[in-house]
Structure formats: structure tokens, C-alpha cells
>>> print(open('run.txt').read())   # compact mmCIF, C-alpha atoms
# COMPACT_ATOMS: atom_id res chain seq x y z
CA MET B 15 17.83 -4.31 -32.84
CA SER B 16 14.61 -6.14 -33.51
CA SER B 17 11.63 -4.19 -32.37
CA ASP B 18 8.12 -5.27 -31.50
CA THR B 19 6.83 -1.97 -30.19
CA THR B 20 3.15 -1.68 -30.91
CA THR B 21 2.03 1.89 -30.93
CA ALA B 22 -0.27 4.58 -32.24
CA THR B 23 -3.57 3.46 -30.73
CA SER B 24 -4.81 5.50 -27.84
CA GLY B 25 -4.57 3.74 -24.53
CA ILE B 26 -7.51 5.63 -23.08
CA GLY B 27 -10.28 3.14 -22.42
CA PRO B 28 -13.99 3.88 -22.12
CA VAL B 29 -13.70 3.81 -18.33
CA GLU B 30 -11.13 6.58 -18.17
CA GLY B 31 -12.29 8.87 -20.90
CA GLY B 32 -15.77 7.87 -21.97
CA ALA B 33 -16.38 6.29 -25.37
CA GLY B 34 -14.42 8.16 -28.00
CA THR B 35 -14.08 11.43 -26.12
CA ALA B 36 -10.53 12.68 -26.36
CA TYR B 37 -9.02 14.70 -23.58
CA GLY B 38 -8.34 18.31 -24.37
CA VAL B 39 -8.60 21.77 -22.95
CA ASP B 40 -12.35 21.51 -22.50
CA ASN B 41 -12.32 17.89 -21.37
CA PRO B 42 -9.32 17.49 -19.07
CA ALA B 43 -8.18 14.05 -18.02
CA PRO B 44 -8.98 13.14 -14.40
CA VAL B 45 -6.20 13.84 -11.95
CA ILE B 46 -4.79 10.76 -10.22
CA GLU B 47 -3.08 11.82 -7.03
CA ALA B 48 0.23 10.21 -6.20
CA PRO B 49 0.28 8.08 -3.04
CA ARG B 50 1.31 9.93 0.13
CA LYS B 51 0.49 13.28 -1.47
CA ARG B 52 -1.10 15.72 0.98
CA THR B 53 -4.57 16.60 -0.25
CA ALA B 54 -7.73 17.91 1.34
CA LYS B 55 -8.87 14.32 1.80
CA THR B 56 -5.76 13.26 3.69
CA PRO B 57 -6.59 12.63 7.36
CA ARG B 58 -4.65 14.90 9.69
CA SER B 59 -3.13 12.06 11.61
CA THR B 60 -3.32 8.32 11.27
CA ARG B 61 -1.06 7.76 14.27
CA GLY B 62 -2.11 5.89 17.33
CA ASN B 63 -1.26 2.85 19.33
CA PHE B 64 -3.92 0.60 17.77
CA GLU B 65 -1.62 -1.02 15.21
CA MET B 66 1.02 -1.57 17.88
CA ALA B 67 -1.55 -3.15 20.20
CA ALA B 68 -2.80 -5.35 17.36
CA TRP B 69 0.75 -6.42 16.54
CA LEU B 70 1.51 -7.24 20.18
CA PHE B 71 -1.81 -9.06 20.57
CA MET B 72 -0.97 -11.30 17.59
CA ARG B 73 2.32 -12.38 19.21
CA LEU B 74 0.96 -12.92 22.70
CA SER B 75 -2.29 -14.62 21.69
CA GLY B 76 -0.30 -16.82 19.31
CA ILE B 77 1.85 -18.14 22.16
CA VAL B 78 -1.20 -18.86 24.33
CA LEU B 79 -3.06 -20.46 21.41
CA VAL B 80 -0.23 -22.92 20.78
CA VAL B 81 -0.88 -24.40 24.24
CA LEU B 82 -4.68 -24.12 24.08
CA VAL B 83 -5.17 -25.49 20.57
CA LEU B 84 -2.59 -28.28 20.76
CA GLY B 85 -3.99 -29.33 24.16
CA HIS B 86 -7.51 -29.20 22.73
CA LEU B 87 -6.56 -31.33 19.71
CA LEU B 88 -4.72 -33.83 21.90
CA ILE B 89 -7.67 -34.29 24.23
CA GLN B 90 -10.30 -34.38 21.52
CA LEU B 91 -8.57 -36.50 18.90
CA VAL B 92 -5.78 -38.58 20.45
CA LEU B 93 -6.20 -39.41 24.13
CA ASP B 94 -8.72 -41.89 25.53
CA GLY B 95 -10.24 -43.38 22.39
CA GLY B 96 -9.74 -40.41 20.09
CA VAL B 97 -12.46 -38.84 17.99
CA SER B 98 -14.91 -41.74 18.45
CA LYS B 99 -15.60 -40.77 22.08
CA ILE B 100 -16.90 -37.30 21.20
CA GLY B 101 -20.62 -36.94 21.65
CA PHE B 102 -23.15 -34.84 23.50
CA ALA B 103 -22.36 -36.63 26.74
CA PHE B 104 -18.63 -36.02 26.38
CA VAL B 105 -19.11 -32.28 25.83
CA ALA B 106 -21.62 -32.07 28.66
CA GLY B 107 -19.20 -33.85 30.97
CA ARG B 108 -16.35 -31.50 30.14
CA TRP B 109 -18.39 -28.33 30.46
CA ALA B 110 -19.54 -29.37 33.91
CA SER B 111 -16.13 -28.19 35.08
CA PRO B 112 -15.39 -24.42 35.10
CA PHE B 113 -11.80 -25.20 34.07
CA TRP B 114 -12.84 -26.49 30.64
CA GLN B 115 -15.41 -23.74 30.29
CA ILE B 116 -12.70 -21.13 30.75
CA TRP B 117 -10.34 -23.08 28.50
CA ASP B 118 -12.88 -23.18 25.66
CA LEU B 119 -13.98 -19.59 26.20
CA LEU B 120 -10.38 -18.37 26.11
CA MET B 121 -9.68 -20.43 23.02
CA LEU B 122 -12.79 -19.11 21.28
CA TRP B 123 -12.02 -15.45 21.97
CA LEU B 124 -8.29 -15.61 21.27
CA ALA B 125 -8.63 -17.71 18.13
CA MET B 126 -11.42 -15.55 16.69
CA LEU B 127 -9.66 -12.25 17.44
CA HIS B 128 -6.30 -13.63 16.31
CA GLY B 129 -7.75 -14.94 13.06
CA GLY B 130 -9.92 -11.88 12.57
CA ASN B 131 -6.98 -9.52 13.02
CA GLY B 132 -4.90 -11.64 10.67
CA LEU B 133 -7.58 -11.43 8.00
CA ARG B 134 -7.88 -7.70 8.63
CA THR B 135 -4.20 -7.23 7.76
CA VAL B 136 -4.62 -9.48 4.73
CA ILE B 137 -7.53 -7.33 3.53
CA ASN B 138 -5.55 -4.15 4.21
CA ASP B 139 -2.63 -5.51 2.22
CA TYR B 140 -4.52 -6.94 -0.73
CA ALA B 141 -7.72 -4.94 -1.28
CA GLU B 142 -6.94 -2.29 -3.86
CA ARG B 143 -10.00 -0.07 -3.73
CA ASP B 144 -11.21 1.71 -0.61
CA MET B 145 -14.79 0.50 -0.98
CA THR B 146 -13.74 -3.12 -1.50
CA ARG B 147 -11.57 -2.85 1.57
CA PHE B 148 -14.35 -1.28 3.63
CA TRP B 149 -17.00 -3.89 2.75
CA LEU B 150 -14.67 -6.86 3.15
CA LYS B 151 -13.75 -5.60 6.60
CA MET B 152 -17.38 -5.05 7.52
CA LEU B 153 -18.15 -8.63 6.47
CA LEU B 154 -15.19 -9.85 8.51
CA TYR B 155 -16.15 -7.89 11.62
CA THR B 156 -19.76 -9.06 11.40
CA ALA B 157 -18.72 -12.70 11.09
CA THR B 158 -16.23 -12.40 13.94
CA VAL B 159 -18.62 -10.69 16.34
CA PHE B 160 -21.41 -13.13 15.47
CA THR B 161 -19.25 -16.22 16.04
CA VAL B 162 -17.73 -14.91 19.26
CA LEU B 163 -21.10 -13.93 20.73
CA LEU B 164 -22.80 -17.16 19.68
CA GLY B 165 -19.99 -19.30 21.11
CA THR B 166 -19.93 -17.34 24.36
CA LEU B 167 -23.67 -17.67 24.69
CA VAL B 168 -23.49 -21.44 24.19
CA ILE B 169 -20.69 -21.91 26.72
CA PHE B 170 -22.46 -19.88 29.42
CA THR B 171 -26.01 -21.10 28.89
CA PHE B 172 -25.22 -24.73 28.12
CA ASP B 173 -27.83 -27.02 29.64
CA PRO B 174 -26.85 -30.72 29.86
CA ASN B 175 -30.48 -31.73 30.43
CA ILE B 176 -31.79 -30.18 27.22
CA ARG B 177 -34.58 -32.15 25.52
CA MET A 18 52.20 -30.97 -17.56
CA ALA A 19 52.53 -27.22 -17.15
CA THR A 20 53.06 -26.42 -20.78
CA PRO A 21 49.63 -27.43 -22.17
CA VAL A 22 47.92 -25.40 -19.47
CA MET A 23 49.89 -22.32 -20.42
CA ASP A 24 48.97 -22.85 -24.07
CA LYS A 25 45.32 -23.08 -23.22
CA VAL A 26 45.33 -19.84 -21.24
CA GLU A 27 47.09 -18.02 -24.05
CA ALA A 28 44.66 -19.35 -26.63
CA GLU A 29 41.71 -18.20 -24.59
CA SER A 30 43.05 -14.74 -23.98
CA ALA A 31 43.72 -14.34 -27.68
CA ALA A 32 40.08 -15.04 -28.47
CA SER A 33 37.55 -12.23 -28.36
CA PRO A 34 36.01 -11.71 -24.93
CA TYR A 35 32.79 -10.47 -26.46
CA ILE A 36 29.62 -12.51 -26.40
CA THR A 37 26.20 -11.81 -27.83
CA VAL A 38 23.65 -10.93 -25.18
CA THR A 39 19.95 -10.20 -25.57
CA PHE A 40 18.59 -7.36 -23.50
CA ARG A 41 14.81 -7.51 -23.06
CA VAL A 42 13.86 -4.02 -21.98
CA ARG A 43 10.44 -2.90 -20.78
CA ARG A 44 9.62 0.14 -22.92
CA PHE A 45 6.95 2.70 -22.12
CA ASN A 46 6.32 5.99 -23.84
CA PRO A 47 3.11 7.75 -22.77
CA GLU A 48 3.20 9.95 -25.89
CA VAL A 49 3.00 6.91 -28.14
CA SER A 50 1.00 4.27 -26.31
CA ALA A 51 -0.51 3.66 -22.92
CA GLU A 52 0.79 0.11 -23.01
CA ALA A 53 4.26 -0.92 -21.94
CA THR A 54 5.95 -3.45 -24.24
CA TRP A 55 9.03 -5.62 -24.20
CA GLU A 56 11.71 -4.80 -26.75
CA ASP A 57 14.70 -7.00 -27.51
CA PHE A 58 18.17 -5.66 -28.23
CA GLN A 59 21.11 -7.86 -29.26
CA LEU A 60 24.55 -6.58 -28.46
CA GLU A 61 28.15 -7.69 -28.41
CA ILE A 62 29.45 -7.20 -24.93
CA ASP A 63 32.20 -8.40 -22.63
CA PRO A 64 30.51 -10.52 -19.92
CA LYS A 65 32.71 -8.79 -17.37
CA GLU A 66 30.95 -5.52 -18.12
CA ARG A 67 27.88 -4.34 -16.26
CA VAL A 68 24.22 -4.16 -17.21
CA LEU A 69 24.56 -0.37 -17.21
CA ASP A 70 27.25 -0.64 -19.91
CA GLY A 71 24.80 -2.69 -21.96
CA LEU A 72 22.12 -0.03 -21.54
CA HIS A 73 24.67 2.62 -22.58
CA LYS A 74 25.48 0.62 -25.70
CA ILE A 75 21.79 0.45 -26.55
CA LYS A 76 21.25 4.15 -25.95
CA TRP A 77 24.40 5.33 -27.71
CA ASP A 78 24.52 2.91 -30.64
CA LEU A 79 21.13 1.28 -31.19
CA ASP A 80 18.19 3.33 -29.91
CA GLY A 81 18.72 6.81 -28.53
CA THR A 82 15.16 7.00 -27.21
CA LEU A 83 15.84 4.50 -24.41
CA THR A 84 15.42 6.45 -21.19
CA PHE A 85 16.93 5.58 -17.84
CA ARG A 86 18.52 7.34 -14.87
CA ARG A 87 22.15 7.12 -13.93
CA SER A 88 24.55 9.60 -12.46
CA CYS A 89 27.76 8.30 -10.95
CA ALA A 90 27.60 4.80 -12.48
CA HIS A 91 29.58 3.41 -9.53
CA GLY A 92 26.95 2.33 -7.04
CA ILE A 93 26.91 5.45 -4.86
CA CYS A 94 24.33 7.85 -6.27
CA GLY A 95 21.46 5.35 -6.25
CA SER A 96 19.96 6.55 -9.54
CA ASP A 97 19.88 3.35 -11.56
CA ALA A 98 17.96 0.90 -9.41
CA MET A 99 15.95 -1.31 -11.77
CA ARG A 100 14.41 -4.73 -11.92
CA ILE A 101 16.95 -6.96 -13.67
CA ASN A 102 15.91 -10.56 -14.28
CA GLY A 103 13.05 -10.06 -11.83
CA ARG A 104 15.16 -8.74 -8.96
CA ASN A 105 15.80 -5.18 -7.88
CA ARG A 106 19.45 -4.33 -8.43
CA LEU A 107 21.67 -1.42 -9.36
CA ALA A 108 22.47 -1.71 -13.08
CA CYS A 109 25.93 -0.31 -12.34
CA LYS A 110 26.75 -3.03 -9.81
CA THR A 111 25.42 -6.03 -11.74
CA LEU A 112 27.92 -7.84 -13.97
CA ILE A 113 26.57 -9.52 -17.11
CA LYS A 114 28.38 -12.77 -16.27
CA ASP A 115 26.60 -13.00 -12.91
CA ILE A 116 23.06 -13.08 -14.32
CA ASN A 117 23.23 -15.89 -16.91
CA PRO A 118 23.87 -14.11 -20.24
CA GLU A 119 22.80 -17.20 -22.23
CA LYS A 120 19.18 -16.23 -21.65
CA PRO A 121 17.70 -12.81 -22.43
CA ILE A 122 18.33 -10.34 -19.62
CA THR A 123 15.10 -8.62 -18.66
CA VAL A 124 15.31 -5.01 -17.55
CA GLU A 125 12.23 -3.33 -16.08
CA PRO A 126 11.52 -0.21 -14.04
CA ILE A 127 11.18 -0.78 -10.29
CA LYS A 128 7.67 -1.71 -9.23
CA GLY A 129 5.17 0.22 -7.12
CA LEU A 130 6.05 3.67 -8.43
CA THR A 131 4.46 5.33 -11.46
CA VAL A 132 6.49 4.80 -14.63
CA LEU A 133 7.15 8.07 -16.43
CA LYS A 134 9.08 6.70 -19.40
CA ASP A 135 10.91 3.43 -20.07
CA LEU A 136 12.95 2.80 -16.90
CA VAL A 137 12.29 6.16 -15.24
CA VAL A 138 9.75 6.19 -12.40
CA ASP A 139 8.24 8.98 -10.35
CA MET A 140 10.23 8.91 -7.10
CA GLU A 141 8.14 11.59 -5.41
CA PRO A 142 6.08 9.27 -3.11
CA PHE A 143 9.33 7.59 -2.08
CA PHE A 144 11.00 10.87 -1.16
CA GLN A 145 7.82 12.13 0.51
CA ALA A 146 7.99 9.18 2.90
CA TYR A 147 11.69 9.91 3.40
CA ARG A 148 11.02 13.56 4.27
CA ASP A 149 8.21 12.51 6.62
CA VAL A 150 10.61 10.79 9.04
CA MET A 151 12.73 13.97 9.47
CA PRO A 152 16.06 12.62 8.19
CA PHE A 153 18.22 15.29 9.80
CA LEU A 154 19.91 15.84 13.16
CA VAL A 155 17.62 17.47 15.72
CA THR A 156 19.19 18.88 18.90
CA THR A 157 18.38 21.39 21.59
CA GLY A 158 20.60 23.83 23.44
CA ASN A 159 23.57 25.79 22.23
CA GLU A 160 25.45 24.83 19.14
CA PRO A 161 28.85 23.42 20.12
CA THR A 162 31.85 25.25 18.69
CA ARG A 163 33.39 21.99 17.54
CA GLU A 164 32.22 18.59 16.29
CA ARG A 165 29.59 16.68 18.23
CA LEU A 166 31.75 13.87 19.54
CA GLN A 167 30.49 10.32 19.83
CA SER A 168 32.08 7.13 21.06
CA ALA A 169 32.92 4.39 18.59
CA GLU A 170 30.31 2.11 20.21
CA ASP A 171 27.58 4.74 19.86
CA ARG A 172 28.52 5.17 16.21
CA GLU A 173 28.52 1.41 15.67
CA ARG A 174 24.91 1.20 16.89
CA PHE A 175 23.50 2.68 13.69
CA ASP A 176 26.44 2.08 11.35
CA ASP A 177 24.50 -0.30 9.10
CA THR A 178 21.74 2.16 8.27
CA THR A 179 24.11 5.01 7.40
CA LYS A 180 24.98 3.15 4.20
CA CYS A 181 21.63 3.86 2.52
CA ILE A 182 21.90 5.57 -0.88
CA LEU A 183 18.13 6.08 -1.38
CA CYS A 184 17.98 4.03 -4.56
CA ALA A 185 14.47 2.72 -3.70
CA ALA A 186 15.43 -0.89 -4.47
CA CYS A 187 14.11 -1.98 -1.05
CA THR A 188 10.90 0.05 -1.01
CA SER A 189 9.98 -1.02 -4.54
CA SER A 190 10.59 -4.68 -3.67
CA CYS A 191 8.16 -4.56 -0.74
CA PRO A 192 4.81 -6.28 -1.46
CA VAL A 193 3.04 -4.08 1.10
CA PHE A 194 4.29 -0.97 -0.68
CA TRP A 195 3.15 -2.37 -4.05
CA ASN A 196 -0.47 -2.42 -2.97
CA ASP A 197 -1.37 1.21 -2.33
CA GLY A 198 1.93 2.99 -1.79
CA GLN A 199 0.80 4.36 1.56
CA TYR A 200 3.25 2.31 3.61
CA PHE A 201 6.31 4.32 4.65
CA GLY A 202 8.52 1.72 3.02
CA PRO A 203 11.79 0.17 4.18
CA ALA A 204 14.01 3.04 3.01
CA ALA A 205 12.20 5.67 5.09
CA ILE A 206 12.32 3.42 8.16
CA VAL A 207 16.03 2.72 7.61
CA ASN A 208 16.74 6.44 7.51
CA ALA A 209 14.62 7.01 10.62
CA HIS A 210 16.57 4.20 12.31
CA ARG A 211 19.81 6.00 11.47
CA PHE A 212 18.72 8.96 13.63
CA ILE A 213 16.61 7.18 16.26
CA PHE A 214 19.67 5.22 17.40
CA ASP A 215 22.10 8.14 17.07
CA SER A 216 23.21 9.19 20.57
CA ARG A 217 23.61 12.82 19.41
CA ASP A 218 20.03 13.13 18.18
CA GLU A 219 17.18 14.24 20.44
CA ALA A 220 14.09 13.67 18.30
CA GLY A 221 14.07 9.89 18.44
CA GLU A 222 10.78 9.82 20.32
CA GLN A 223 9.22 12.10 17.71
CA ARG A 224 10.36 9.84 14.87
CA LEU A 225 9.09 6.77 16.69
CA GLU A 226 5.73 8.50 17.02
CA ILE A 227 5.73 9.19 13.26
CA LEU A 228 6.48 5.53 12.52
CA ASN A 229 3.77 4.39 14.96
CA ASP A 230 1.39 5.34 12.15
CA LYS A 231 -1.30 3.14 10.62
CA ASP A 232 1.03 2.86 7.62
CA GLY A 233 4.20 2.81 9.71
CA VAL A 234 6.43 -0.02 10.90
CA TRP A 235 3.49 -2.24 11.91
CA ARG A 236 2.67 -2.88 8.27
CA CYS A 237 6.00 -4.69 7.86
CA ARG A 238 5.37 -8.40 7.22
CA THR A 239 9.04 -9.41 7.52
CA THR A 240 9.21 -10.95 4.05
CA PHE A 241 12.89 -9.93 3.84
CA ASN A 242 12.46 -8.72 0.23
CA CYS A 243 14.10 -5.45 1.25
CA THR A 244 17.16 -7.12 2.78
CA ASP A 245 17.55 -9.25 -0.36
CA ALA A 246 17.19 -6.25 -2.65
CA CYS A 247 19.51 -3.80 -0.88
CA PRO A 248 22.56 -3.20 -3.10
CA ARG A 249 24.46 -1.87 -0.08
CA GLY A 250 23.89 -5.00 1.97
CA ILE A 251 21.98 -3.21 4.71
CA GLU A 252 20.02 -5.56 6.96
CA VAL A 253 16.86 -3.60 6.28
CA THR A 254 14.37 -5.97 7.88
CA LYS A 255 16.47 -6.12 11.02
CA ALA A 256 16.48 -2.33 11.22
CA ILE A 257 12.68 -2.26 10.92
CA GLN A 258 12.33 -4.81 13.70
CA GLU A 259 14.67 -2.75 15.89
CA VAL A 260 12.38 0.23 15.41
CA LYS A 261 9.41 -1.97 16.39
CA ARG A 262 11.24 -3.13 19.50
CA ALA A 263 12.16 0.45 20.41
CA LEU A 264 8.51 1.45 20.03
CA ILE A 265 7.43 -1.26 22.46
CA THR A 266 10.27 -1.15 24.98
CA ARG A 267 10.49 2.62 25.20
CA ARG A 268 6.84 2.88 26.14
CA PHE A 269 6.26 0.07 28.60
>>> encode(input="run.txt", output="C-alpha cells")
Amino acid sequence: MSSDTTTATSGIGPVEGGAGTAYGVDNPAPVIEAPRKRTAKTPRSTRGNFEMAAWLFMRLSGIVLVVLVLGHLLIQLVLDGGVSKIGFAFVAGRWASPFWQIWDLLMLWLAMLHGGNGLRTVINDYAERDMTRFWLKMLLYTATVFTVLLGTLVIFTFDPNIR
Amino acid sequence: MATPVMDKVEAESAASPYITVTFRVRRFNPEVSAEATWEDFQLEIDPKERVLDGLHKIKWDLDGTLTFRRSCAHGICGSDAMRINGRNRLACKTLIKDINPEKPITVEPIKGLTVLKDLVVDMEPFFQAYRDVMPFLVTTGNEPTRERLQSAEDRERFDDTTKCILCAACTSSCPVFWNDGQYFGPAAIVNAHRFIFDSRDEAGEQRLEILNDKDGVWRCRTTFNCTDACPRGIEVTKAIQEVKRALITRRF
């Protein structure tokens, strides 16, 4: 019975309609297309196996990463003196063996692509405007590629006798 | 010992069953204001009645401008899905006594679809996604002169997803759908599932290809909002995962 309906003022803000200009026959309101409506801008097909591959990759890389990352943490932080043993000599000693080189390389690539793909889906789900989405993804891709390439370069060109 | 109990029951039944309930309804009228506002209505109602009965009382006795959809009022037509106390439910299947009538009962339109007025939303994007998955039997060859027979086990395979009433409670509870409305949504996938796993249908591969879209099943984040929201008790998330599995296993 009690009512608190506030009314009468126009809800058209300056962004939508310009300051004070009312919509009418000569100044029609902008059309906002409903989602999923077929317009000239709608791409013909957005099908493809990329999303399926990405989804599968997340599952498979996740399983491998459980072993790689937990093993990595155990070796680095728990076994044989824990974190205090880590130094240049320790890293140099490990990377003398191809086994640890491959381990670290695999971990770097899988973790970066896994995390990068996860952030990509987060951006897809949360960014509301197309341009925001585009630039956030560009930033993400740049950071991912940079980190992966830099890490790979370090692992392959690591020189234990560096001065 | 029995006598006092009998007395108590009789005394209670003699008392009025009506209680005072506050309905807090989200009102929106684009001809009056661009803003949606909450409006409170107090009504005397039997707690064993439904939220839809409360809305009827408001519309018929208090404020005739209240706008909402309902057709059958018995949980079959799927017209009156709305957000009651923050959860998507059918107003005609929700009893007042089940949703704590001591506090105000909030009633809002379902989220993620454009509100046209009060509790009425534009269902067009929802039905567009539904039409996109071809929700009809596709076969080749000659039409049989009698029914297309199917074993009980084959029917059981997709029994769960035949229950959908297209009320949009699941799709409008999905956080991925809320963002940009491009995701097919649980309801469309459920109705694709109903035909993909039907042994009589021959366009399963085509439907799988449709759902292999950028905005298809792979956008599902398995938050189980849809399963929680479904007034028909369909295991919606499970159906979506079965479509995902079919997409992977039927290709490799």
C-alpha cells in the first residue's frame, strides 16, 4: 500500500541523449540491439575447435602441473635444507642436467599458457565493452609471450660461468 | 494426555490462517522513469498460498498497474519465472511459508534480459538461442506410417531434459549469460541435449557443431546456478557436461 515510487524526471542522461536534447522525430534515440540479434555486424560463424582445444588444454595441463609444481615446491622449499640452500650455485647445478632443464621449461610453458588462458576466459566473462576486452587481452597476450620467451631464452642460454 | 492436544489443534484451526506479509516488488515503468524502484505492498495472506497469489492480490486489489506474466499458474507454462528473495523461482510454485514471510519478500524480474515493465522481460534473446539449436526432430528417409518406436532405455537417456518448460530461470541465473548475453545459455543447451541423445534424431552432429561455438558449451563454468534454479529439477549442469563429453568423444 505504501509507495515510494519516484518518478517524472527523465532518465536520459547526457551520455545517451546529449545535454537537454529530448528525443523526438527529428532526433531519434539510438538503437540498442538485443544480444544474439542477427545484424550486419554479426560474424557469419564463430564456430571452431579453438574453444574446445583450450578447454581440453586446461584440464590436461592442470594434471601435469600438479606434479610439476608440487615437485618443484618440494625440492625448492622443503627437501635438503629448504629455501636457505637456493642460490646461484644451486640453480647452476640443477640446470647442468637436461632433466631439470626440460622440467623447468615444461613448467614455464604449461603454467604460463594455463594461467594465460584462464585469464583470457576471465576477461571474456567480465569485460563488458568490446574495446576494454580487446585491450585487456592484448595486454595479457603481450605479457604472456614476453614471459615465456624470456624464460625460454634464460633456460637455453644459461651460462654457469657468467661474470 | 490426548485431550489437551485435541483442544490445542481445534483452537488453532479456529484462528484465522491469514498473516500479514510485505511484498517488496521491483517496479519499472519506462513511460514514467528510467529508474527501477522498490515498492512495498502489505497484504493479508494465508502462508500456504503461493507468491503468485500474493501478486494477484496486489494487482486485483491494491495496484492494477503491476505487470507480470502468468498463464497456467500451475508450474507448466513457464511464464512466471522471477527472482524471489534473490533466487530464480516460479512464482506459482513458491509457497509463502517456504520463504520466511516474517521478512519482506523481494520480487524482481529475472536478470540478464531487458526489463520491459515491472516483472516482464524481453525473452527474445532467450528464444533466439533456443531456435538456434534446432529444437525439433530431424530425420532422413521416408516418413514411417506409424509412430517412431524407441526402446525404454533409449528414451531414458534424455528423459531429464524433456522436462524443460522454457521459463528461463536457468539461463537468467547464469553469471556468464549476465555479462553480454551472447552465451547460448543453459536452457538452449538442455533442449539441444534432448535431441542430441534421442536415438530417433539424425542431426545430433549438426547440433554439436552449433554448440561448439565460441559462445557455446565451452563458456560453461559449472557454477551449478542453473541446476539450483531449475523449477523442474533438471540436472542442467550435468546435461551441459554431457554435451561437452559428446563433443570430445565423438570426434577423437
>>> atom_distance(input="run.txt", atom1="CA of His86 in chain B", atom2="CA of Leu124 in chain B")
13.7 Å
>>> residues_around(input="run.txt", residues="Pro49 in chain B", least_positions_apart="5", cutoff="12 Å", atoms="all atoms listed in the file", output="PyMOL selection string")
(chain B and resi 56) or (chain A and resi 129-131+139-146+194-201+232)
>>> atom_distance(input="run.txt", atom1="CA of Leu166 in chain A", atom2="CA of Arg224 in chain A")
22.3 Å
>>> residues_around(input="run.txt", residues="range 205-222 of chain A", least_positions_apart="3", cutoff="7 Å", atoms="all atoms listed in the file", output="PyMOL selection string")
chain A and resi 146-147+150+152+154-156+171+174-175+178-179+201-202+225-226+253+256-257+260
>>> closest_residue(input="run.txt", among="A:His91, A:Arg44, A:Arg100, A:Lys180", to="chain B", atoms="all atoms listed in the file")
A:Arg44
>>> atom_distance(input="run.txt", atom1="CA of Cys184 in chain A", atom2="CA of Ala90 in chain A")
12.5 Å
>>> closest_residue(input="run.txt", among="A:Arg41, A:Arg106, A:Lys128, A:Arg249", to="chain B", atoms="all atoms listed in the file")
A:Arg41
>>> closest_residue(input="run.txt", among="B:Val136, B:Phe172, B:Lys51, B:Trp114", to="Gly85 in chain B", atoms="only C-alpha atoms")
B:Trp114
>>> residues_around(input="run.txt", residues="Leu154 in chain B", least_positions_apart="5", cutoff="8 Å", atoms="all atoms listed in the file", output="ChimeraX atom specification")
/B:130,133-134
>>> decode(input="run.txt", residues="range 106-112 of chain B", atoms="all heavy atoms", output="compact mmCIF listing (two decimals), in the first residue's frame")
# COMPACT_ATOMS: atom_id res chain seq x y z
N ALA B 106 72.56 -23.27 -10.92
CA ALA B 106 73.52 -23.70 -11.94
C ALA B 106 73.71 -25.21 -11.90
O ALA B 106 73.77 -25.87 -12.94
CB ALA B 106 74.86 -22.99 -11.71
N GLY B 107 73.76 -25.77 -10.67
CA GLY B 107 73.92 -27.20 -10.54
C GLY B 107 72.75 -27.97 -11.11
O GLY B 107 72.92 -28.99 -11.79
N ARG B 108 71.54 -27.47 -10.86
CA ARG B 108 70.36 -28.18 -11.38
C ARG B 108 70.32 -28.10 -12.90
O ARG B 108 70.01 -29.08 -13.56
CB ARG B 108 69.10 -27.57 -10.79
CG ARG B 108 68.80 -28.04 -9.38
CD ARG B 108 67.49 -27.48 -8.92
NE ARG B 108 66.36 -28.26 -9.38
CZ ARG B 108 65.19 -27.74 -9.73
NH1 ARG B 108 65.03 -26.44 -9.70
NH2 ARG B 108 64.21 -28.50 -10.11
N TRP B 109 70.58 -26.91 -13.44
CA TRP B 109 70.42 -26.75 -14.89
C TRP B 109 71.56 -27.37 -15.68
O TRP B 109 71.57 -27.34 -16.90
CB TRP B 109 70.25 -25.26 -15.25
CG TRP B 109 68.82 -24.85 -15.06
CD1 TRP B 109 67.79 -25.66 -14.75
CD2 TRP B 109 68.27 -23.54 -15.18
NE1 TRP B 109 66.62 -24.95 -14.66
CE2 TRP B 109 66.89 -23.64 -14.91
CE3 TRP B 109 68.82 -22.28 -15.48
CZ2 TRP B 109 66.04 -22.54 -14.94
CZ3 TRP B 109 67.97 -21.19 -15.52
CH2 TRP B 109 66.59 -21.31 -15.24
N ALA B 110 72.53 -27.93 -14.97
CA ALA B 110 73.56 -28.71 -15.68
C ALA B 110 72.95 -29.99 -16.24
O ALA B 110 73.46 -30.56 -17.21
CB ALA B 110 74.70 -29.04 -14.73
N SER B 111 71.86 -30.45 -15.64
CA SER B 111 71.22 -31.68 -16.11
C SER B 111 70.07 -31.35 -17.06
O SER B 111 69.24 -30.49 -16.75
CB SER B 111 70.70 -32.46 -14.90
OG SER B 111 69.49 -33.10 -15.23
N PRO B 112 70.00 -32.02 -18.22
CA PRO B 112 68.90 -31.77 -19.16
C PRO B 112 67.54 -32.10 -18.56
O PRO B 112 66.53 -31.50 -18.93
CB PRO B 112 69.21 -32.70 -20.33
CG PRO B 112 70.59 -33.18 -20.13
CD PRO B 112 70.95 -33.01 -18.70
